[in-house]
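Everything below belongs to structure.txt, which stores compact mmCIF, C-alpha atoms.
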# COMPACT_ATOMS: atom_id res chain seq x y z
CA MET C 1 18.32 26.48 -26.62
CA ASP C 2 16.62 24.12 -29.10
CA ASP C 3 20.01 23.23 -30.56
CA LEU C 4 21.30 22.42 -27.11
CA ILE C 5 18.44 19.95 -26.57
CA PHE C 6 19.37 18.19 -29.82
CA ILE C 7 23.05 18.19 -28.83
CA ILE C 8 22.25 16.51 -25.54
CA TYR C 9 20.03 14.01 -27.37
CA ILE C 10 22.83 13.13 -29.79
CA CYS C 11 25.27 12.85 -26.88
CA PHE C 12 23.39 9.97 -25.34
CA LEU C 13 21.92 8.58 -28.55
CA ILE C 14 25.24 7.60 -30.10
CA PRO C 15 26.86 5.76 -27.16
CA MET C 16 23.61 4.02 -26.27
CA ALA C 17 22.98 3.01 -29.87
CA LEU C 18 26.52 1.63 -30.13
CA SER C 19 26.10 -0.31 -26.90
CA LEU C 20 23.13 -2.14 -28.42
CA PHE C 21 25.49 -4.32 -30.48
CA VAL C 22 27.27 -5.74 -27.46
CA MET C 23 24.27 -6.29 -25.23
CA GLU C 24 22.24 -9.40 -24.54
CA LYS C 25 18.83 -9.69 -26.15
CA LYS C 26 16.80 -8.64 -23.07
CA SER C 27 18.95 -5.64 -22.16
CA ARG C 28 19.17 -4.63 -25.81
CA LEU C 29 15.40 -4.51 -26.06
CA VAL C 30 15.08 -2.27 -23.00
CA VAL C 31 17.87 0.12 -24.04
CA PHE C 32 16.50 0.25 -27.59
CA PHE C 33 13.06 1.25 -26.35
CA VAL C 34 14.51 3.86 -23.97
CA LEU C 35 16.12 5.40 -27.05
CA VAL C 36 12.84 5.15 -28.94
CA GLY C 37 11.16 6.95 -26.03
CA THR C 38 13.66 9.81 -26.11
CA THR C 39 13.19 10.19 -29.86
CA VAL C 40 9.42 10.13 -29.47
CA CYS C 41 9.71 12.85 -26.83
CA LEU C 42 11.57 15.13 -29.22
CA LEU C 43 8.90 14.52 -31.87
CA ALA C 44 6.13 15.19 -29.33
CA SER C 45 7.84 18.38 -28.23
CA GLU C 46 7.94 19.67 -31.82
CA LEU C 47 4.38 18.59 -32.52
CA ASN C 48 3.06 20.13 -29.30
CA THR C 49 4.76 23.46 -30.08
CA PHE C 50 3.22 23.41 -33.55
CA LEU C 51 -0.26 22.55 -32.21
CA TYR C 52 -0.04 25.10 -29.38
CA ASN C 53 0.68 27.88 -31.86
CA GLY C 54 -1.95 26.59 -34.26
CA ILE C 55 -4.85 25.99 -31.87
CA GLY C 56 -4.49 29.24 -30.01
CA ARG C 57 -5.96 28.07 -26.69
CA ASN C 58 -4.35 28.87 -23.33
CA MET C 59 -1.68 26.73 -21.67
CA LEU C 60 -4.10 25.22 -19.13
CA TYR C 61 -6.45 23.93 -21.84
CA PHE C 62 -3.54 22.72 -23.92
CA THR C 63 -1.80 20.75 -21.17
CA THR C 64 -4.98 19.18 -19.82
CA THR C 65 -6.67 18.42 -23.13
CA ILE C 66 -4.33 18.38 -26.14
CA SER C 67 -0.83 17.36 -25.05
CA PRO C 68 -1.91 14.14 -23.25
CA VAL C 69 -3.54 13.00 -26.50
CA THR C 70 -0.55 13.70 -28.76
CA GLU C 71 2.00 12.34 -26.29
CA GLU C 72 0.13 9.11 -25.56
CA ILE C 73 -0.52 8.40 -29.24
CA LEU C 74 3.13 8.96 -30.13
CA LYS C 75 4.35 6.82 -27.21
CA ALA C 76 1.96 4.01 -28.09
CA LEU C 77 2.96 3.82 -31.76
CA PRO C 78 6.30 1.98 -31.32
CA ILE C 79 4.67 -0.44 -28.89
CA LEU C 80 1.85 -1.17 -31.32
CA LEU C 81 4.32 -1.77 -34.14
CA TYR C 82 6.32 -4.07 -31.88
CA ALA C 83 3.17 -5.99 -30.91
CA LEU C 84 2.02 -6.24 -34.52
CA PHE C 85 5.23 -7.29 -36.20
CA ILE C 86 7.65 -8.68 -33.61
CA SER C 87 6.20 -10.13 -30.43
CA ASP C 88 3.01 -10.07 -28.40
CA ASP C 89 4.58 -11.65 -25.33
CA ARG C 90 3.13 -9.90 -22.28
CA GLN C 91 6.37 -9.59 -20.34
CA SER C 92 8.45 -8.16 -23.16
CA LEU C 93 5.62 -5.86 -24.26
CA GLY C 94 5.18 -4.55 -20.71
CA GLN C 95 8.91 -4.00 -20.25
CA SER C 96 9.30 -2.37 -23.65
CA ALA C 97 6.36 -0.08 -23.05
CA PHE C 98 7.71 0.92 -19.64
CA ALA C 99 11.09 1.62 -21.28
CA VAL C 100 9.49 3.86 -23.92
CA GLY C 101 7.80 5.85 -21.15
CA LEU C 102 11.08 6.02 -19.24
CA GLY C 103 12.99 7.32 -22.27
CA PHE C 104 10.26 9.83 -22.92
CA ALA C 105 10.37 11.04 -19.33
CA ILE C 106 14.18 11.37 -19.33
CA MET C 107 14.12 13.48 -22.48
CA GLU C 108 11.21 15.54 -21.20
CA ASN C 109 13.17 16.24 -18.03
CA VAL C 110 16.13 17.39 -20.14
CA ILE C 111 13.87 19.72 -22.11
CA MET C 112 12.30 21.08 -18.91
CA ILE C 113 15.70 21.68 -17.34
CA MET C 114 16.88 23.54 -20.42
CA GLN C 115 13.76 25.70 -20.46
CA ASN C 116 13.68 26.47 -16.70
CA MET C 117 17.37 26.33 -15.88
CA TYR C 118 17.39 29.17 -13.35
CA SER C 119 14.11 28.50 -11.57
CA ILE C 120 14.42 24.83 -10.60
CA ASP C 121 15.74 23.11 -7.50
CA VAL C 122 16.08 19.69 -5.89
CA LYS C 123 12.44 19.73 -4.84
CA TRP C 124 11.49 20.21 -8.48
CA ALA C 125 13.74 17.29 -9.50
CA ILE C 126 12.16 14.97 -6.91
CA MET C 127 8.71 16.04 -8.01
CA ARG C 128 9.60 15.35 -11.67
CA GLY C 129 11.19 12.02 -10.82
CA PHE C 130 8.33 10.62 -8.77
CA GLY C 131 5.61 12.44 -10.61
CA ALA C 132 5.90 13.04 -14.34
CA SER C 133 8.58 10.42 -15.03
CA LEU C 134 6.68 7.65 -13.28
CA MET C 135 3.42 8.78 -14.87
CA HIS C 136 4.84 8.54 -18.41
CA SER C 137 6.15 5.05 -17.77
CA ILE C 138 2.89 3.87 -16.20
CA CYS C 139 0.77 5.27 -19.05
CA THR C 140 2.80 3.52 -21.72
CA ALA C 141 3.01 0.31 -19.69
CA VAL C 142 -0.80 0.28 -19.39
CA VAL C 143 -1.07 0.44 -23.19
CA GLY C 144 1.64 -2.23 -23.62
CA ILE C 145 0.14 -4.68 -21.12
CA GLY C 146 -3.36 -3.92 -22.44
CA VAL C 147 -2.27 -4.62 -26.01
CA SER C 148 -0.81 -7.95 -24.91
CA PHE C 149 -4.27 -8.85 -23.51
CA VAL C 150 -6.11 -8.05 -26.72
CA ARG C 151 -3.47 -8.94 -29.35
CA LYS C 152 -4.53 -12.59 -29.56
CA LYS C 153 -7.87 -11.85 -31.22
CA LYS C 154 -8.22 -9.60 -34.25
CA LYS C 155 -11.77 -8.72 -33.18
CA LEU C 156 -10.45 -7.40 -29.89
CA PHE C 157 -7.23 -5.82 -31.07
CA TYR C 158 -8.44 -2.59 -32.68
CA CYS C 159 -11.16 -1.61 -30.22
CA GLY C 160 -9.13 -2.91 -27.26
CA THR C 161 -6.05 -0.91 -28.22
CA LEU C 162 -8.13 2.22 -28.67
CA SER C 163 -9.72 1.69 -25.24
CA TYR C 164 -6.37 1.30 -23.48
CA LEU C 165 -5.06 4.35 -25.30
CA MET C 166 -8.04 6.40 -24.16
CA LEU C 167 -7.55 5.14 -20.60
CA ALA C 168 -3.88 6.19 -20.69
CA ILE C 169 -4.80 9.62 -22.07
CA THR C 170 -7.34 10.15 -19.28
CA TYR C 171 -4.79 9.12 -16.64
CA HIS C 172 -2.16 11.44 -18.15
CA SER C 173 -4.66 14.26 -18.19
CA VAL C 174 -5.61 13.77 -14.52
CA PHE C 175 -1.92 14.12 -13.66
CA ASN C 176 -1.49 17.21 -15.83
CA THR C 177 -4.56 18.80 -14.25
CA LEU C 178 -3.15 18.22 -10.77
CA VAL C 179 0.20 19.65 -11.80
CA MET C 180 -1.42 22.72 -13.38
CA SER C 181 -3.51 23.36 -10.27
CA PRO C 182 -2.40 25.50 -7.32
CA HIS C 183 -1.71 22.25 -5.42
CA LYS C 184 0.81 20.98 -7.95
CA TYR C 185 2.74 18.88 -5.44
CA TYR C 186 -0.29 16.60 -5.07
CA GLY C 187 0.52 15.49 -8.61
CA ILE C 188 3.11 13.18 -7.13
CA ILE C 189 0.44 11.15 -5.29
CA LEU C 190 -1.31 9.76 -8.36
CA PRO C 191 1.67 7.98 -10.01
CA ILE C 192 2.89 6.62 -6.68
CA CYS C 193 -0.59 5.35 -5.76
CA THR C 194 -0.68 3.54 -9.09
CA TYR C 195 2.91 2.33 -9.13
CA ILE C 196 2.89 0.64 -5.72
CA PRO C 197 -0.13 -1.67 -6.39
CA LEU C 198 1.27 -2.44 -9.87
CA LEU C 199 4.63 -3.32 -8.35
CA ILE C 200 3.08 -5.56 -5.66
CA PHE C 201 0.91 -7.23 -8.29
CA GLY C 202 3.91 -7.81 -10.57
CA ILE C 203 6.06 -9.25 -7.78
CA LYS C 204 3.26 -11.55 -6.61
CA ARG C 205 2.70 -12.77 -10.14
CA LYS C 206 6.40 -13.43 -10.67
CA ARG C 207 6.60 -15.41 -7.43
CA ALA C 208 3.53 -17.43 -8.40
CA GLU C 209 5.12 -18.24 -11.76
CA GLU C 210 8.37 -19.37 -10.10
CA MET S 1 -20.82 23.48 -9.52
CA LYS S 2 -20.94 22.11 -5.99
CA LEU S 3 -23.53 19.54 -7.07
CA GLU S 4 -21.42 18.59 -10.08
CA LEU S 5 -18.38 18.12 -7.87
CA ALA S 6 -20.32 16.10 -5.28
CA MET S 7 -21.86 13.85 -7.90
CA ASN S 8 -18.58 13.20 -9.66
CA LEU S 9 -16.97 12.48 -6.31
CA LEU S 10 -19.71 9.96 -5.54
CA ILE S 11 -19.25 8.17 -8.87
CA PHE S 12 -15.48 8.25 -8.42
CA ALA S 13 -15.75 6.68 -4.95
CA CYS S 14 -18.08 3.94 -6.17
CA SER S 15 -15.98 3.13 -9.24
CA LEU S 16 -12.85 3.15 -7.09
CA ALA S 17 -14.49 0.54 -4.85
CA GLY S 18 -15.36 -1.46 -7.98
CA THR S 19 -11.79 -1.19 -9.25
CA VAL S 20 -10.29 -2.30 -5.93
CA TYR S 21 -12.71 -5.25 -5.93
CA SER S 22 -11.61 -6.19 -9.44
CA LEU S 23 -7.91 -5.99 -8.54
CA PHE S 24 -8.42 -8.72 -5.95
CA ASN S 25 -10.81 -10.87 -7.96
CA PHE S 26 -10.31 -10.37 -11.69
CA PHE S 27 -6.61 -10.02 -12.40
CA GLY S 28 -5.29 -13.30 -11.06
CA LYS S 29 -3.77 -15.97 -13.23
CA LYS S 30 -6.18 -17.99 -15.40
CA LYS S 31 -8.98 -15.46 -14.98
CA ALA S 32 -11.15 -14.91 -18.04
CA LEU S 33 -10.11 -12.07 -20.33
CA TYR S 34 -13.74 -10.98 -20.35
CA LEU S 35 -13.43 -10.14 -16.64
CA LYS S 36 -10.22 -8.19 -17.11
CA ILE S 37 -11.60 -6.10 -19.94
CA SER S 38 -14.82 -5.37 -18.04
CA ALA S 39 -12.77 -4.36 -14.98
CA CYS S 40 -10.82 -1.95 -17.20
CA GLY S 41 -14.18 -0.43 -18.14
CA VAL S 42 -14.90 0.42 -14.51
CA MET S 43 -11.33 1.68 -14.15
CA ALA S 44 -12.00 4.04 -17.07
CA ILE S 45 -15.13 5.34 -15.30
CA MET S 46 -12.96 5.94 -12.23
CA PHE S 47 -10.29 7.94 -14.07
CA SER S 48 -12.89 9.86 -16.04
CA ARG S 49 -14.59 10.98 -12.84
CA LEU S 50 -11.28 11.59 -11.09
CA TYR S 51 -10.36 13.98 -13.89
CA GLN S 52 -13.62 15.85 -13.43
CA VAL S 53 -13.28 15.92 -9.63
CA VAL S 54 -9.70 17.21 -9.81
CA TYR S 55 -10.58 19.82 -12.41
CA LEU S 56 -13.67 21.05 -10.58
CA ALA S 57 -11.97 21.08 -7.19
CA THR S 58 -8.80 22.83 -8.25
CA LEU S 59 -9.39 24.82 -11.42
CA GLY S 60 -13.09 25.67 -11.35
CA SER S 61 -15.70 24.74 -13.92
CA LEU S 62 -15.13 22.24 -16.69
CA ASN S 63 -15.07 23.16 -20.35
CA ARG S 64 -18.70 22.87 -21.52
CA GLY S 65 -17.58 21.50 -24.88
CA PHE S 66 -15.06 18.71 -24.99
CA HIS S 67 -12.97 17.68 -21.98
CA ILE S 68 -10.80 14.64 -21.37
CA GLY S 69 -13.29 13.20 -18.87
CA MET S 70 -15.44 12.42 -21.91
CA LEU S 71 -12.63 10.34 -23.32
CA GLY S 72 -12.72 8.27 -20.12
CA ILE S 73 -16.46 7.74 -20.54
CA MET S 74 -15.90 6.69 -24.17
CA ALA S 75 -13.14 4.34 -23.04
CA SER S 76 -15.44 2.69 -20.50
CA PHE S 77 -18.06 1.97 -23.17
CA MET S 78 -15.39 0.82 -25.57
CA PHE S 79 -14.18 -1.68 -22.96
CA PHE S 80 -17.68 -3.02 -22.32
CA PHE S 81 -18.28 -3.23 -26.06
CA CYS S 82 -14.93 -4.91 -26.57
CA ALA S 83 -15.68 -7.56 -23.95
CA ASN S 84 -19.09 -8.41 -25.37
CA PHE S 85 -18.26 -8.12 -29.05
CA GLY S 86 -14.78 -9.64 -28.99
CA GLN S 87 -15.12 -12.31 -26.37
CA ILE S 88 -18.72 -13.46 -26.05
CA ASP S 89 -20.73 -12.59 -29.14
CA GLY S 90 -19.08 -15.18 -31.37
CA LEU S 91 -19.98 -17.89 -28.86
CA VAL S 92 -23.70 -17.18 -28.81
CA ASP S 93 -24.43 -15.80 -32.26
CA ASP S 94 -23.32 -18.04 -35.13
CA LYS S 95 -24.46 -15.40 -37.68
CA THR S 96 -27.17 -17.72 -39.03
CA SER S 97 -30.73 -16.63 -39.78
CA ALA S 98 -31.89 -18.20 -36.51
CA PHE S 99 -30.75 -15.09 -34.62
CA ARG S 100 -31.80 -12.54 -37.21
CA LYS S 101 -34.80 -11.43 -35.17
CA THR S 102 -32.63 -10.94 -32.07
CA ARG S 103 -30.14 -8.92 -34.07
CA ILE S 104 -32.86 -6.63 -35.37
CA ILE S 105 -34.58 -6.18 -31.99
CA SER S 106 -31.18 -5.36 -30.45
CA PHE S 107 -31.13 -2.14 -32.44
CA LEU S 108 -33.79 -0.84 -30.06
CA SER S 109 -31.24 0.08 -27.40
CA PRO S 110 -28.97 2.19 -29.67
CA LEU S 111 -32.16 3.75 -30.98
CA VAL S 112 -33.17 4.81 -27.45
CA ILE S 113 -29.70 6.32 -26.94
CA PHE S 114 -29.99 8.10 -30.27
CA ILE S 115 -33.41 9.54 -29.35
CA ILE S 116 -31.98 10.87 -26.07
CA TYR S 117 -29.08 12.37 -28.00
CA LEU S 118 -31.51 13.91 -30.48
CA PHE S 119 -33.33 15.54 -27.55
CA PHE S 120 -29.95 16.81 -26.33
CA ILE S 121 -28.98 18.44 -29.64
CA LEU S 122 -32.39 20.01 -30.05
CA ASN S 123 -32.23 21.67 -26.64
CA VAL S 124 -28.56 22.52 -26.11
CA GLU S 125 -27.06 25.50 -27.90
CA SER S 126 -23.33 24.82 -27.75
CA ALA S 127 -22.16 23.30 -31.04
CA GLU S 128 -18.98 22.01 -29.41
CA ALA S 129 -21.04 20.13 -26.81
CA LYS S 130 -23.26 18.64 -29.50
CA ILE S 131 -20.27 17.28 -31.42
CA ALA S 132 -18.46 16.04 -28.31
CA TRP S 133 -21.52 14.27 -26.88
CA GLY S 134 -22.26 12.94 -30.36
CA ALA S 135 -18.96 11.10 -30.25
CA VAL S 136 -19.78 9.79 -26.76
CA ALA S 137 -23.25 8.73 -27.97
CA PHE S 138 -21.67 6.75 -30.80
CA PHE S 139 -19.59 4.71 -28.34
CA ILE S 140 -22.57 4.28 -26.02
CA MET S 141 -24.73 3.05 -28.89
CA GLN S 142 -22.39 0.31 -30.00
CA CYS S 143 -21.96 -0.89 -26.43
CA ALA S 144 -25.72 -0.76 -25.80
CA TYR S 145 -26.39 -2.87 -28.90
CA TYR S 146 -24.33 -5.83 -27.69
CA SER S 147 -25.37 -5.51 -24.05
CA PHE S 148 -29.04 -5.56 -25.03
CA LYS S 149 -28.47 -8.35 -27.52
CA HIS S 150 -26.89 -10.47 -24.80
CA VAL S 151 -29.81 -9.77 -22.51
CA ILE S 152 -32.44 -10.93 -24.98
CA ILE S 153 -30.59 -13.62 -26.92
CA HIS S 154 -31.77 -17.20 -26.47
CA ASP S 155 -28.59 -18.83 -25.21
CA VAL S 156 -29.37 -22.55 -25.34
CA ASP S 157 -26.02 -24.19 -26.04
CA LEU S 158 -23.50 -22.95 -23.51
CA GLY S 159 -25.39 -20.73 -21.09
CA PHE S 160 -22.52 -18.20 -21.02
CA VAL S 161 -24.65 -15.16 -21.66
CA LYS S 162 -27.54 -16.32 -19.49
CA CYS S 163 -25.27 -16.22 -16.43
CA ILE S 164 -24.16 -12.63 -17.05
CA LYS S 165 -27.57 -11.24 -17.99
CA LYS S 166 -27.75 -9.11 -14.82
CA TYR S 167 -24.36 -7.63 -15.57
CA ASN S 168 -25.46 -6.67 -19.07
CA VAL S 169 -28.59 -5.05 -17.63
CA THR S 170 -26.33 -2.99 -15.34
CA VAL S 171 -24.22 -1.90 -18.33
CA LEU S 172 -27.40 -0.92 -20.17
CA VAL S 173 -28.58 1.15 -17.21
CA TYR S 174 -25.17 2.84 -17.09
CA ALA S 175 -25.42 3.54 -20.83
CA VAL S 176 -28.84 5.20 -20.58
CA MET S 177 -27.81 7.22 -17.50
CA SER S 178 -24.63 8.42 -19.22
CA MET S 179 -26.72 9.84 -22.04
CA LEU S 180 -29.32 11.39 -19.74
CA GLU S 181 -26.70 12.96 -17.46
CA PRO S 182 -25.58 15.70 -19.91
CA ILE S 183 -29.22 16.66 -20.46
CA GLY S 184 -29.60 17.29 -16.73
CA LEU S 185 -26.30 19.14 -16.62
CA TYR S 186 -26.61 21.35 -19.70
CA LEU S 187 -30.31 22.16 -19.28
CA ASP S 188 -29.77 22.69 -15.54
CA ILE S 189 -32.36 20.10 -14.44
CA LYS S 190 -30.75 19.37 -11.10
CA PRO S 191 -33.00 16.47 -9.95
CA LEU S 192 -32.45 14.64 -13.25
CA TYR S 193 -28.70 15.21 -13.09
CA ALA S 194 -28.46 14.06 -9.47
CA ALA S 195 -30.63 10.99 -10.10
CA CYS S 196 -28.59 9.98 -13.16
CA CYS S 197 -25.33 10.35 -11.24
CA CYS S 198 -26.62 8.35 -8.27
CA VAL S 199 -27.76 5.49 -10.52
CA THR S 200 -24.44 5.62 -12.42
CA ALA S 201 -22.57 5.43 -9.12
CA LEU S 202 -24.65 2.44 -8.04
CA ALA S 203 -24.09 0.75 -11.40
CA ALA S 204 -20.32 1.30 -11.15
CA LEU S 205 -20.34 -0.14 -7.64
CA ILE S 206 -22.33 -3.31 -8.29
CA MET S 207 -21.33 -4.02 -11.90
CA LEU S 208 -18.27 -6.13 -11.19
CA PRO S 209 -19.60 -8.10 -8.18
CA VAL S 210 -22.68 -8.93 -10.27
CA LEU S 211 -20.43 -10.02 -13.13
CA LYS S 212 -18.33 -12.19 -10.83
CA ARG S 213 -21.40 -13.89 -9.45
CA GLY S 214 -22.49 -14.68 -13.00
CA VAL S 215 -19.08 -15.79 -14.23
CA ASP S 216 -18.64 -18.13 -11.24
CA LYS S 217 -21.46 -20.20 -12.75
CA TRP S 218 -19.44 -20.72 -15.93
CA THR S 219 -17.33 -23.35 -14.28
CA ILE S 220 -20.26 -25.29 -12.80
Kindly present the structure from the file in structure tokens form.
Amino acid sequence: MDDLIFIIYICFLIPMALSLFVMEKKSRLVVFFVLVGTTVCLLASELNTFLYNGIGRNMLYFTTTISPVTEEILKALPILLYALFISDDRQSLGQSAFAVGLGFAIMENVIMIMQNMYSIDVKWAIMRGFGASLMHSICTAVVGIGVSFVRKKKKLFYCGTLSYLMLAITYHSVFNTLVMSPHKYYGIILPICTYIPLLIFGIKRKRAEE
Amino acid sequence: MKLELAMNLLIFACSLAGTVYSLFNFFGKKKALYLKISACGVMAIMFSRLYQVVYLATLGSLNRGFHIGMLGIMASFMFFFCANFGQIDGLVDDKTSAFRKTRIISFLSPLVIFIIYLFFILNVESAEAKIAWGAVAFFIMQCAYYSFKHVIIHDVDLGFVKCIKKYNVTVLVYAVMSMLEPIGLYLDIKPLYAACCCVTALAALIMLPVLKRGVDKWTI
């Protein structure tokens, strides 16, 4: 099963990586970070398996306390490197961060499908799409936009980045707790309730700029 | 557990109100970064309490050692610290000997937090809780230092800090309550726990409106 996950990963890694050479700068950036997100997801999956076996706590504790930390740190790393060495422009950082989260969510969905192939249905897919996928993108976007706020000043950068990372971890953990509870379908509410105001805010801001 | 759930729900509701207020007033174009970072602090309180509410309501009691809600509390203090240290402190303290006395006196507030933490570790048995709250206390202490410093500093040149003195007092109150709250919870002193939570909720509710009122004077 693990091999199959890597096969699927390679199947969309190669064509997407090749398409990067013919794309425009903006699209290239987004596709590149989607690929980064999928790669990060594979790394997180391996790391989480290793930690789960090593720590020896139950699944509930692990998903509400450990995995949000590892996943958010791994997702934030490419964005931090991008902000440090390439660009601290708010729009491109926000979009790149959202793309990393998106790539991560896509790969996580693939892994989940492979692991639960015979027990999932359309309801599950909708729940994953609106819930976990959106949540991953929002968490990384929060870190990306937050970093763009604090990047300008060195004094702010380190403590600010850490704060946004901790905020993203807490948010991720709230979602995981809802999903692990008996009312797991309520998990969908949190990302939607966050996404809609963010979307309205973004659209309003764009209109004001135009 | 019912009290814990009710208190966390109260703080969540108040910080949610604070967050909604900040979304309309602090995140517009050309708004000071100080406002945005402080608003993120209240947002962190909100998510920290939401985590605890969700966990208590759906899965039962929280882990008495470390739980992610603590990370939200740390994040909130980190944001408040970040705003004061990164944005304002350089404007009011030029690092000359003129402010040496203020800098030394400012250590009083982290000292108070440390004394409360000392009381906590002497009376609570769980080693995991001691370590976890030690980490929280560290973040509270660094935030308390700058908040207290900006309350007592003689701001003659620009008047930036003078305008937001009330806000810094609110942050200080939140800092002390956050350190007293685990004492009430772990030692099962219900009145202390309830009082701390109510004051924290009030602080989370009024913090940002108080800050806005102060910051509005910056432009005058």
* Structure fact -> In Å and to one decimal, CA of Tyr185 (chain C) is distant from CA of Tyr55 (chain S) by 15.1 Å
* **Among listed residues C:Ser148, C:Thr161, C:Thr38, C:Ser19, nearest Arg90 (chain C) (using only C-alpha atoms)** => C:Ser148
* Asked: What's the 10 Å shell around Val112 (chain S), counting only C-alpha atoms, without same-chain residues fewer than 6 positions away, as a count of residues only?
  -> 5
Take the point (15.4, 15.9, -11.6) as written in the file and pick out every residue within 12 Å of it, counting all atoms listed in the file; give the list as a PDB file with C-alpha atoms, in the frame of the given file.
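Writing the result to out_18.pdb gives the following:
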ATOM      1  CA  ALA C 105      10.370  11.040 -19.330  1.00  0.00           C
ATOM      2  CA  ILE C 106      14.180  11.370 -19.330  1.00  0.00           C
ATOM      3  CA  MET C 107      14.120  13.480 -22.480  1.00  0.00           C
ATOM      4  CA  GLU C 108      11.210  15.540 -21.200  1.00  0.00           C
ATOM      5  CA  ASN C 109      13.170  16.240 -18.030  1.00  0.00           C
ATOM      6  CA  VAL C 110      16.130  17.390 -20.140  1.00  0.00           C
ATOM      7  CA  ILE C 111      13.870  19.720 -22.110  1.00  0.00           C
ATOM      8  CA  MET C 112      12.300  21.080 -18.910  1.00  0.00           C
ATOM      9  CA  ILE C 113      15.700  21.680 -17.340  1.00  0.00           C
ATOM     10  CA  MET C 114      16.880  23.540 -20.420  1.00  0.00           C
ATOM     11  CA  ASN C 116      13.680  26.470 -16.700  1.00  0.00           C
ATOM     12  CA  MET C 117      17.370  26.330 -15.880  1.00  0.00           C
ATOM     13  CA  ILE C 120      14.420  24.830 -10.600  1.00  0.00           C
ATOM     14  CA  ASP C 121      15.740  23.110  -7.500  1.00  0.00           C
ATOM     15  CA  VAL C 122      16.080  19.690  -5.890  1.00  0.00           C
ATOM     16  CA  LYS C 123      12.440  19.730  -4.840  1.00  0.00           C
ATOM     17  CA  TRP C 124      11.490  20.210  -8.480  1.00  0.00           C
ATOM     18  CA  ALA C 125      13.740  17.290  -9.500  1.00  0.00           C
ATOM     19  CA  ILE C 126      12.160  14.970  -6.910  1.00  0.00           C
ATOM     20  CA  MET C 127       8.710  16.040  -8.010  1.00  0.00           C
ATOM     21  CA  ARG C 128       9.600  15.350 -11.670  1.00  0.00           C
ATOM     22  CA  GLY C 129      11.190  12.020 -10.820  1.00  0.00           C
ATOM     23  CA  PHE C 130       8.330  10.620  -8.770  1.00  0.00           C
ATOM     24  CA  GLY C 131       5.610  12.440 -10.610  1.00  0.00           C
ATOM     25  CA  ALA C 132       5.900  13.040 -14.340  1.00  0.00           C
ATOM     26  CA  SER C 133       8.580  10.420 -15.030  1.00  0.00           C
TER      27      SER C 133
END
* Asked: What are the residues of chain C that have an atom within 8 Å of an atom of chain S, counting only C-alpha atoms, as a ChimeraX atom specification?
  -> /C:64-65,149,153,155-156,159-160,162-164,166-167,169-171,173-174,177-178,181-183,205
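In this model, the gap between CA of Leu180 (chain S) and CA of Leu9 (chain S) comes to 18.3 Å.
Taking all atoms listed in the file, the non-local environment of Ala129 (chain S) within 10 Å (same-chain residues fewer than 5 positions away omitted) comprises Asn63, Arg64, Gly65, Phe66, His67, Phe120, Ile121, Val124, Gly134, Ala135, Pro182 and Tyr186 of chain S.
If you look at CA of Ile153 (chain S) and CA of Phe99 (chain S), they are 7.8 Å away from each other.
Closest approach to Leu108 (chain S) among S:Leu208, S:Met177, S:Val136, S:Leu172 is made by S:Leu172 (distances from only C-alpha atoms).
If only C-alpha atoms are the atoms counted, then among C:Phe12, C:Phe104, C:Phe98, C:Phe21 the closest residue to Thr39 (chain C) is C:Phe104.
Of the residues under consideration (S:Ala195, S:Ser147, S:Lys31, S:Ala127), S:Lys31 shows the shortest atom-to-atom contact distance to Val215 (chain S) when counting all atoms listed in the file.
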Please return region 2-10 of chain S, rebuilt to N, CA and C atoms, as a PDB file, keeping the file's coordinate frame.
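part-v3.pdb was written with the following content:
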ATOM      1  N   LYS S   2     -21.133  22.949  -7.175  1.00  0.00           N
ATOM      2  CA  LYS S   2     -20.940  22.110  -5.990  1.00  0.00           C
ATOM      3  C   LYS S   2     -21.617  20.752  -6.189  1.00  0.00           C
ATOM      4  N   LEU S   3     -22.807  20.783  -6.804  1.00  0.00           N
ATOM      5  CA  LEU S   3     -23.530  19.540  -7.070  1.00  0.00           C
ATOM      6  C   LEU S   3     -22.743  18.674  -8.040  1.00  0.00           C
ATOM      7  N   GLU S   4     -22.209  19.313  -9.072  1.00  0.00           N
ATOM      8  CA  GLU S   4     -21.420  18.590 -10.080  1.00  0.00           C
ATOM      9  C   GLU S   4     -20.206  17.917  -9.429  1.00  0.00           C
ATOM     10  N   LEU S   5     -19.554  18.661  -8.560  1.00  0.00           N
ATOM     11  CA  LEU S   5     -18.380  18.120  -7.870  1.00  0.00           C
ATOM     12  C   LEU S   5     -18.784  16.950  -6.962  1.00  0.00           C
ATOM     13  N   ALA S   6     -19.874  17.144  -6.201  1.00  0.00           N
ATOM     14  CA  ALA S   6     -20.320  16.100  -5.280  1.00  0.00           C
ATOM     15  C   ALA S   6     -20.713  14.836  -6.028  1.00  0.00           C
ATOM     16  N   MET S   7     -21.404  15.010  -7.143  1.00  0.00           N
ATOM     17  CA  MET S   7     -21.860  13.850  -7.900  1.00  0.00           C
ATOM     18  C   MET S   7     -20.691  13.095  -8.533  1.00  0.00           C
ATOM     19  N   ASN S   8     -19.752  13.858  -9.071  1.00  0.00           N
ATOM     20  CA  ASN S   8     -18.580  13.200  -9.660  1.00  0.00           C
ATOM     21  C   ASN S   8     -17.753  12.487  -8.596  1.00  0.00           C
ATOM     22  N   LEU S   9     -17.702  13.097  -7.426  1.00  0.00           N
ATOM     23  CA  LEU S   9     -16.970  12.480  -6.310  1.00  0.00           C
ATOM     24  C   LEU S   9     -17.633  11.163  -5.913  1.00  0.00           C
ATOM     25  N   LEU S  10     -18.962  11.175  -5.895  1.00  0.00           N
ATOM     26  CA  LEU S  10     -19.710   9.960  -5.540  1.00  0.00           C
ATOM     27  C   LEU S  10     -19.434   8.845  -6.554  1.00  0.00           C
TER      28      LEU S  10
END
